[in-house]
Every structure is written in structure tokens, then in C-alpha cells.
file work34.cif (mmCIF, C-alpha atoms and all ligand atoms)
data_query
loop_
_atom_site.label_atom_id
_atom_site.label_comp_id
_atom_site.auth_asym_id
_atom_site.auth_seq_id
_atom_site.Cartn_x
_atom_site.Cartn_y
_atom_site.Cartn_z
CA MET A 1 -26.92 17.73 2.00
CA VAL A 2 -29.00 20.40 3.75
CA PRO A 3 -29.28 21.35 7.44
CA GLY A 4 -31.20 18.90 9.64
CA ALA A 5 -33.46 19.44 12.66
CA GLY A 6 -32.72 22.70 14.47
CA GLU A 7 -30.72 23.83 11.41
CA SER A 8 -27.92 21.47 12.43
CA ILE A 9 -25.07 21.05 9.98
CA ALA A 10 -23.22 18.46 12.12
CA PRO A 11 -22.22 15.28 10.25
CA GLY A 12 -24.86 12.61 10.86
CA GLU A 13 -27.58 15.19 11.55
CA ARG A 14 -27.91 16.69 8.07
CA ARG A 15 -30.64 15.68 5.65
CA TYR A 16 -30.53 14.70 2.02
CA ASN A 17 -32.30 17.07 -0.33
CA TRP A 18 -33.19 15.25 -3.55
CA VAL A 19 -34.77 16.46 -6.75
CA TRP A 20 -36.01 14.42 -9.68
CA TYR A 21 -36.61 16.31 -12.92
CA ARG A 22 -39.21 14.85 -15.24
CA ASN A 23 -40.46 16.09 -18.58
CA VAL A 24 -44.19 16.71 -18.60
CA GLU A 25 -46.45 17.93 -21.39
CA ALA A 26 -47.50 21.52 -20.65
CA ALA A 27 -51.18 20.52 -20.93
CA LYS A 28 -50.73 18.13 -18.00
CA LEU A 29 -49.21 20.72 -15.66
CA PRO A 30 -52.48 22.14 -14.21
CA ALA A 31 -53.50 18.65 -13.04
CA LEU A 32 -50.07 18.08 -11.47
CA LEU A 33 -50.15 21.48 -9.78
CA THR A 34 -53.57 20.88 -8.21
CA ASP A 35 -53.18 20.69 -4.42
CA ARG A 36 -55.03 18.50 -1.93
CA GLU A 37 -57.70 21.18 -1.47
CA GLY A 38 -58.39 21.35 -5.20
CA GLY A 39 -56.60 24.66 -5.78
CA VAL A 40 -54.54 24.92 -8.96
CA ARG A 41 -51.17 26.41 -8.05
CA ALA A 42 -49.18 28.61 -10.44
CA SER A 43 -45.82 26.87 -10.22
CA SER A 44 -45.40 24.70 -7.12
CA VAL A 45 -47.21 22.47 -4.65
CA PRO A 46 -45.49 22.79 -1.25
CA PRO A 47 -44.73 19.97 1.22
CA GLY A 48 -47.90 18.52 2.72
CA MET A 49 -50.19 19.88 -0.02
CA LEU A 50 -49.77 17.17 -2.64
CA PRO A 51 -52.95 15.06 -2.92
CA ASP A 52 -52.54 11.40 -1.87
CA SER A 53 -52.90 10.39 -5.54
CA GLY A 54 -49.99 12.69 -6.48
CA ARG A 55 -47.77 11.27 -3.74
CA GLU A 56 -48.65 7.72 -4.76
CA ALA A 57 -47.83 8.60 -8.39
CA VAL A 58 -44.34 9.75 -7.33
CA TYR A 59 -43.75 6.50 -5.43
CA ALA A 60 -45.08 4.42 -8.35
CA ALA A 61 -42.83 6.26 -10.81
CA ALA A 62 -39.86 5.61 -8.52
CA ASP A 63 -40.74 1.90 -8.56
CA ARG A 64 -40.85 1.93 -12.31
CA PHE A 65 -37.88 4.08 -13.25
CA LEU A 66 -35.31 4.32 -10.44
CA PRO A 67 -32.55 2.02 -9.22
CA PRO A 68 -33.09 0.63 -5.68
CA GLN A 69 -31.02 3.24 -3.80
CA PHE A 70 -32.85 6.21 -5.32
CA ARG A 71 -36.18 4.39 -5.04
CA SER A 72 -35.66 4.04 -1.27
CA LEU A 73 -34.83 7.71 -0.97
CA VAL A 74 -38.00 8.77 -2.81
CA GLN A 75 -40.21 6.35 -0.93
CA ALA A 76 -38.78 7.39 2.45
CA THR A 77 -39.97 10.92 1.74
CA ALA A 78 -43.32 11.40 3.47
CA GLU A 79 -44.12 14.73 1.86
CA PRO A 80 -42.65 15.10 -1.62
CA PHE A 81 -43.42 18.41 -3.31
CA ILE A 82 -43.54 19.71 -6.86
CA GLN A 83 -41.78 22.67 -8.42
CA ALA A 84 -42.32 23.53 -12.09
CA ILE A 85 -39.13 24.47 -13.92
CA VAL A 86 -39.09 27.66 -15.97
CA ASP A 87 -36.60 29.61 -18.05
CA LEU A 88 -36.79 33.21 -16.86
CA LYS A 89 -34.72 36.14 -18.03
CA VAL A 90 -35.10 39.90 -18.01
CA PRO A 91 -33.65 42.54 -20.37
CA LYS A 92 -32.95 44.96 -17.48
CA MET A 93 -32.09 44.64 -13.79
CA ALA A 94 -31.86 48.33 -12.84
CA PHE A 95 -34.90 50.59 -13.01
CA GLY A 96 -33.92 53.96 -11.59
CA ARG A 97 -33.33 53.32 -7.89
CA VAL A 98 -34.89 49.84 -8.05
CA ALA A 99 -32.84 46.67 -8.61
CA LEU A 100 -34.05 43.22 -9.60
CA LEU A 101 -31.80 40.41 -8.45
CA GLY A 102 -31.63 36.70 -7.77
CA ASP A 103 -34.57 34.62 -8.94
CA ALA A 104 -36.62 37.76 -9.57
CA ALA A 105 -34.30 38.53 -12.50
CA PHE A 106 -33.04 35.23 -13.89
CA GLN A 107 -34.11 31.66 -13.22
CA PRO A 108 -31.86 29.37 -15.23
CA ARG A 109 -32.78 25.71 -15.35
CA PRO A 110 -31.46 23.78 -12.35
CA HIS A 111 -28.92 21.88 -14.48
CA THR A 112 -26.59 24.84 -13.90
CA ALA A 113 -26.70 24.32 -10.10
CA ALA A 114 -25.74 27.99 -9.82
CA SER A 115 -28.88 29.96 -8.93
CA THR A 116 -28.08 30.41 -5.26
CA SER A 117 -24.55 31.60 -5.90
CA LYS A 118 -25.91 33.87 -8.67
CA ALA A 119 -28.39 35.45 -6.22
CA ALA A 120 -25.63 35.92 -3.62
CA GLY A 121 -23.26 37.26 -6.30
CA ASN A 122 -25.85 39.81 -7.47
CA ALA A 123 -26.29 40.99 -3.87
CA LEU A 124 -22.57 41.15 -3.05
CA ALA A 125 -21.83 43.07 -6.23
CA LEU A 126 -24.71 45.45 -5.45
CA ALA A 127 -23.28 46.12 -2.00
CA ASP A 128 -19.87 46.80 -3.58
CA ALA A 129 -21.41 49.15 -6.15
CA LEU A 130 -23.33 51.11 -3.50
CA ARG A 131 -20.47 51.29 -1.02
CA GLY A 132 -18.95 54.74 -1.14
CA ASN A 133 -21.21 55.86 -4.00
CA ALA A 134 -23.82 58.36 -2.92
CA ASP A 135 -25.39 58.40 -6.40
CA VAL A 136 -27.66 55.33 -6.37
CA LEU A 137 -28.73 55.73 -10.00
CA GLN A 138 -25.12 55.76 -11.13
CA ALA A 139 -24.22 52.82 -8.86
CA LEU A 140 -27.04 50.66 -10.26
CA LYS A 141 -26.11 51.55 -13.83
CA LYS A 142 -22.56 50.47 -13.15
CA TRP A 143 -23.71 47.28 -11.41
CA GLU A 144 -26.17 46.12 -14.05
CA PRO A 145 -24.15 45.09 -17.16
CA GLU A 146 -22.03 42.38 -15.56
CA GLN A 147 -25.03 40.93 -13.71
CA LEU A 148 -27.07 40.82 -16.92
CA GLU A 149 -24.23 39.16 -18.76
CA TYR A 150 -23.85 36.45 -16.12
CA GLY A 151 -27.61 35.88 -15.93
CA GLU A 152 -27.78 35.53 -19.73
CA TYR A 153 -24.84 33.13 -19.68
CA LEU A 154 -26.49 30.90 -17.06
CA TYR A 155 -29.83 31.10 -18.87
CA ARG A 156 -28.24 29.93 -22.15
CA SER A 157 -26.22 27.22 -20.36
CA GLY A 158 -29.38 25.91 -18.66
CA VAL A 159 -31.26 25.68 -21.95
CA GLU A 160 -28.33 23.96 -23.67
CA LEU A 161 -27.75 21.49 -20.83
CA GLY A 162 -31.48 20.81 -20.77
CA ARG A 163 -31.58 20.28 -24.53
CA ARG A 164 -28.86 17.65 -24.24
CA SER A 165 -30.12 15.85 -21.14
CA GLN A 166 -33.90 16.29 -21.48
CA SER A 167 -34.73 16.00 -25.14
CA ALA A 168 -31.81 15.09 -27.37
CA TYR A 169 -32.07 11.33 -27.08
CA PRO A 170 -34.78 8.78 -27.89
CA GLY A 171 -37.29 8.06 -25.15
CA SER A 172 -36.95 11.50 -23.61
CA THR A 173 -40.35 12.70 -24.79
CA PRO A 174 -42.68 14.00 -22.08
CA THR A 175 -44.74 11.44 -20.15
C1 LIG B 1 -36.76 22.58 -5.06
C2 LIG B 1 -35.64 23.56 -5.34
C3 LIG B 1 -34.32 23.11 -5.36
C4 LIG B 1 -33.30 23.99 -5.61
N1 LIG B 1 -32.01 23.52 -5.62
C5 LIG B 1 -31.00 24.38 -5.84
C6 LIG B 1 -29.65 23.91 -5.82
O1 LIG B 1 -29.38 22.73 -5.59
N2 LIG B 1 -28.65 24.80 -6.07
C7 LIG B 1 -28.92 26.12 -6.33
O2 LIG B 1 -27.96 26.89 -6.54
N3 LIG B 1 -30.19 26.60 -6.35
C8 LIG B 1 -31.23 25.76 -6.11
N4 LIG B 1 -32.52 26.23 -6.14
C9 LIG B 1 -32.74 27.64 -6.49
C10 LIG B 1 -32.50 28.57 -5.30
O3 LIG B 1 -33.31 28.16 -4.21
C11 LIG B 1 -32.86 30.00 -5.72
O4 LIG B 1 -32.18 30.34 -6.92
C12 LIG B 1 -32.44 31.00 -4.65
O5 LIG B 1 -33.08 30.68 -3.42
C13 LIG B 1 -32.82 32.41 -5.11
O6 LIG B 1 -32.57 33.31 -4.07
P1 LIG B 1 -33.38 34.64 -4.01
O7 LIG B 1 -32.85 35.37 -2.81
O8 LIG B 1 -33.38 35.34 -5.32
O9 LIG B 1 -34.91 34.21 -3.77
P2 LIG B 1 -35.55 33.38 -2.57
O10 LIG B 1 -34.56 32.48 -1.91
O11 LIG B 1 -36.81 32.81 -3.14
O12 LIG B 1 -35.89 34.51 -1.53
C14 LIG B 1 -36.98 35.39 -1.71
C15 LIG B 1 -37.52 35.72 -0.33
O13 LIG B 1 -38.50 36.75 -0.46
C16 LIG B 1 -39.59 36.43 0.37
N5 LIG B 1 -40.76 37.13 -0.16
C17 LIG B 1 -41.51 36.81 -1.25
N6 LIG B 1 -42.49 37.70 -1.42
C18 LIG B 1 -42.35 38.62 -0.44
C19 LIG B 1 -43.06 39.80 -0.09
N7 LIG B 1 -44.10 40.22 -0.80
N8 LIG B 1 -42.65 40.49 1.00
C20 LIG B 1 -41.57 40.09 1.72
N9 LIG B 1 -40.85 38.98 1.43
C21 LIG B 1 -41.25 38.26 0.37
C22 LIG B 1 -39.69 34.92 0.29
O14 LIG B 1 -40.41 34.40 1.39
C23 LIG B 1 -38.22 34.52 0.33
O15 LIG B 1 -37.73 34.38 1.65
C24 LIG B 1 -33.57 25.37 -5.88
C25 LIG B 1 -34.90 25.82 -5.85
C26 LIG B 1 -35.92 24.93 -5.59
C27 LIG B 1 -37.34 25.46 -5.56
#
call {"tool": "encode", "arguments": {"input": "work34.cif", "output": "C-alpha cells"}}
result
Amino acid sequence: MVPGAGESIAPGERRYNWVWYRNVEAAKLPALLTDREGGVRASSVPPGMLPDSGREAVYAAADRFLPPQFRSLVQATAEPFIQAIVDLKVPKMAFGRVALLGDAAFQPRPHTAASTSKAAGNALALADALRGNADVLQALKKWEPEQLEYGEYLYRSGVELGRRSQSAYPGSTPT
């Protein structure tokens, strides 16, 4: 569930936010990431920019692969969008007085369902580290190790969960 119109979070006014992860051969990504104006996007095609053929392909795939309830959900979505999934990790998060956090540092696969809380956790811990510490360099140095460790942990968990659910059984090859 996500907020509805006017950011409402009242029961009955919230919206469903659905995602459907599909394996795709890397060579087919540029075609999938081509928007309705012919531009090839780096990693996502936002709502309203999918070409009609792309939208129809999503609906057709729902017809073919999904049970009726999920099929209805997909086909009730006027403007589906695409987001490529990546595994991103960095060896450092503190660079002098500069900090990398949230998605800019680690993007574990979505199987972990933890990226938002990771981003918030990085920020809260940074605030704690800076509070009452006038030496920013020292504060960032102290902040970094635990954040790196958690990012690495989520990164590895995402890859492992993905290996099991995306590719470790017959018929899971990219289409
Ligand atoms: C389709 C989708 C579904 C997702 N579902 C989930 C989920 O179910 N659970 C979950 O935990 N996570 C989910 N995520 C991941 C989650 O959204 C991110 O991990 C999280 O938003 C990262 O927070 P962040 O603050 O690091 O980055 P962001 O939320 O991306 O915030 C970065 C901000 O910086 C702004 N910005 C960018 N460039 C500039 C610039 N040059 N100048 C100024 N501002 C700039 C952007 O506009 C944006 O507001 C999902 C992501 C996607 C794409």
C-alpha cells in the first residue's frame, strides 16, 4: 500500500503499488528501455513514457503468466513503468567531509525489501555521529564501518535470494 490522491493514507484511499520482476537477457535491455520518443534510457522508463507496444507487452505477459487477481491488477494499471534491477555496492562511504548514503552507496536487489530502511538508517546514524562532534572527518570515519557492513550484508542477501528465486530452478532462464 502507498499513499493515494493528495498523499492520503486513510484506509480505502490508499493505492496498491505492485512490482513484477522478470529476468531479461542483457542484450534485450536497450529495446525495453526505449521510451515512447525513441530515447534509450539508462535504467528506467517512467510512468507515461512507455511506448504503446511496451505497455501492450506487459498486459499480454500478464495474460500469459499471471493468475486472474494479479492479471486484473496489472491490466488496471494505465501507465506501467520499467525499472532495471542492479546490484550496486561501494568499497567506501566516507570521503573526507563527503558521505555517500542510501541508494547512492548500495542498491541491493529488491528481494531484501530493505532499501528504504537502509537509506533512513544511514541518515539517522549519520545524524547521531555528527551530533556533538565538531570534527566531521572523525565523525564520518566512525560512522562508516557499520554502514558498509550492513550494505554488504544486504547486497549479499539480495544476490543469494535472487539466485534462489530467479535462476536456481528449471524454466527460470531469461525470456
Ligand atoms: C519501482 C521501485 C520500487 C521500490 N520498492 C521498494 C520497496 O518496496 N521497499 C523498499 O525498501 N525500497 C523500495 N525501493 C527502493 C527505494 O525507493 C530506495 O532504496 C530509496 O528511495 C532510496 O532512498 P535514497 O534517499 O537513497 O534515494 P532517493 O529516494 O532516490 O532520493 C534521492 C533524491 O535525490 C534527488 N536528486 C537526484 N539528483 C539530484 C540533484 N542533482 N540535485 C538535487 N536532488 C537530486 C531525487 O529527485 C530524489 O528525490 C523501490 C524502488 C523502485 C524504483
call {"tool": "closest_residue", "arguments": {"input": "work34.cif", "among": "A:Ile85, A:Val24, A:Val74, A:Leu140", "to": "Ser44 (chain A)", "atoms": "all atoms listed in the file"}}
result
A:Ile85
call {"tool": "residues_near_point", "arguments": {"input": "work34.cif", "point": "(-44.9, 10.8, -1.9)", "cutoff": "6 Å", "atoms": "all atoms listed in the file", "output": "PyMOL selection string"}}
result
chain A and resi 55-56+58-59+78-80
call {"tool": "residues_near_ligand", "arguments": {"input": "work34.cif", "ligand": "ligand LIG 1 (chain B)", "cutoff": "7 Å", "atoms": "only C-alpha atoms and all ligand atoms", "output": "NGL selection string"}}
result
:A and (19 or 83 or 101-104 or 107 or 110 or 113-117 or 119)
call {"tool": "closest_residue", "arguments": {"input": "work34.cif", "among": "A:Ala125, A:Val136, A:Ala42, A:Leu73", "to": "Leu29 (chain A)", "atoms": "only C-alpha atoms"}}
result
A:Ala42
call {"tool": "closest_residue", "arguments": {"input": "work34.cif", "among": "A:Asn23, A:Gln138, A:Ser8, A:Thr112", "to": "Gln166 (chain A)", "atoms": "all atoms listed in the file"}}
result
A:Asn23
call {"tool": "axis_aligned_box", "arguments": {"input": "work34.cif", "around": "region 8-23 of chain A", "padding_each_side": "8 Å", "output": "AutoDock Vina command-line options"}}
result
--center_x -31.3 --center_y 17.0 --center_z -3.1 --size_x 34.2 --size_y 24.9 --size_z 47.0
call {"tool": "closest_residue", "arguments": {"input": "work34.cif", "among": "A:Ile9, A:Ala139, A:Leu161, A:Ala120", "to": "Arg97 (chain A)", "atoms": "all atoms listed in the file"}}
result
A:Ala139
call {"tool": "closest_residue", "arguments": {"input": "work34.cif", "among": "A:Asn17, A:Ser157, A:Asn133, A:Ser53", "to": "Asp35 (chain A)", "atoms": "only C-alpha atoms"}}
result
A:Ser53
call {"tool": "atom_distance", "arguments": {"input": "work34.cif", "atom1": "CA of Gln147 (chain A)", "atom2": "CA of Arg164 (chain A)"}}
result
25.8 Å
call {"tool": "closest_residue", "arguments": {"input": "work34.cif", "among": "A:Met1, A:Ala105, A:Leu88, A:Ile82", "to": "Gly48 (chain A)", "atoms": "all atoms listed in the file"}}
result
A:Ile82
call {"tool": "atom_distance", "arguments": {"input": "work34.cif", "atom1": "CA of Ala31 (chain A)", "atom2": "CA of Phe81 (chain A)"}}
result
14.0 Å
call {"tool": "residues_around", "arguments": {"input": "work34.cif", "residues": "Lys92 (chain A)", "least_positions_apart": "2", "cutoff": "8 Å", "atoms": "all atoms listed in the file", "output": "VMD selection string"}}
result
chain A and resid 90 94 to 95 144 148
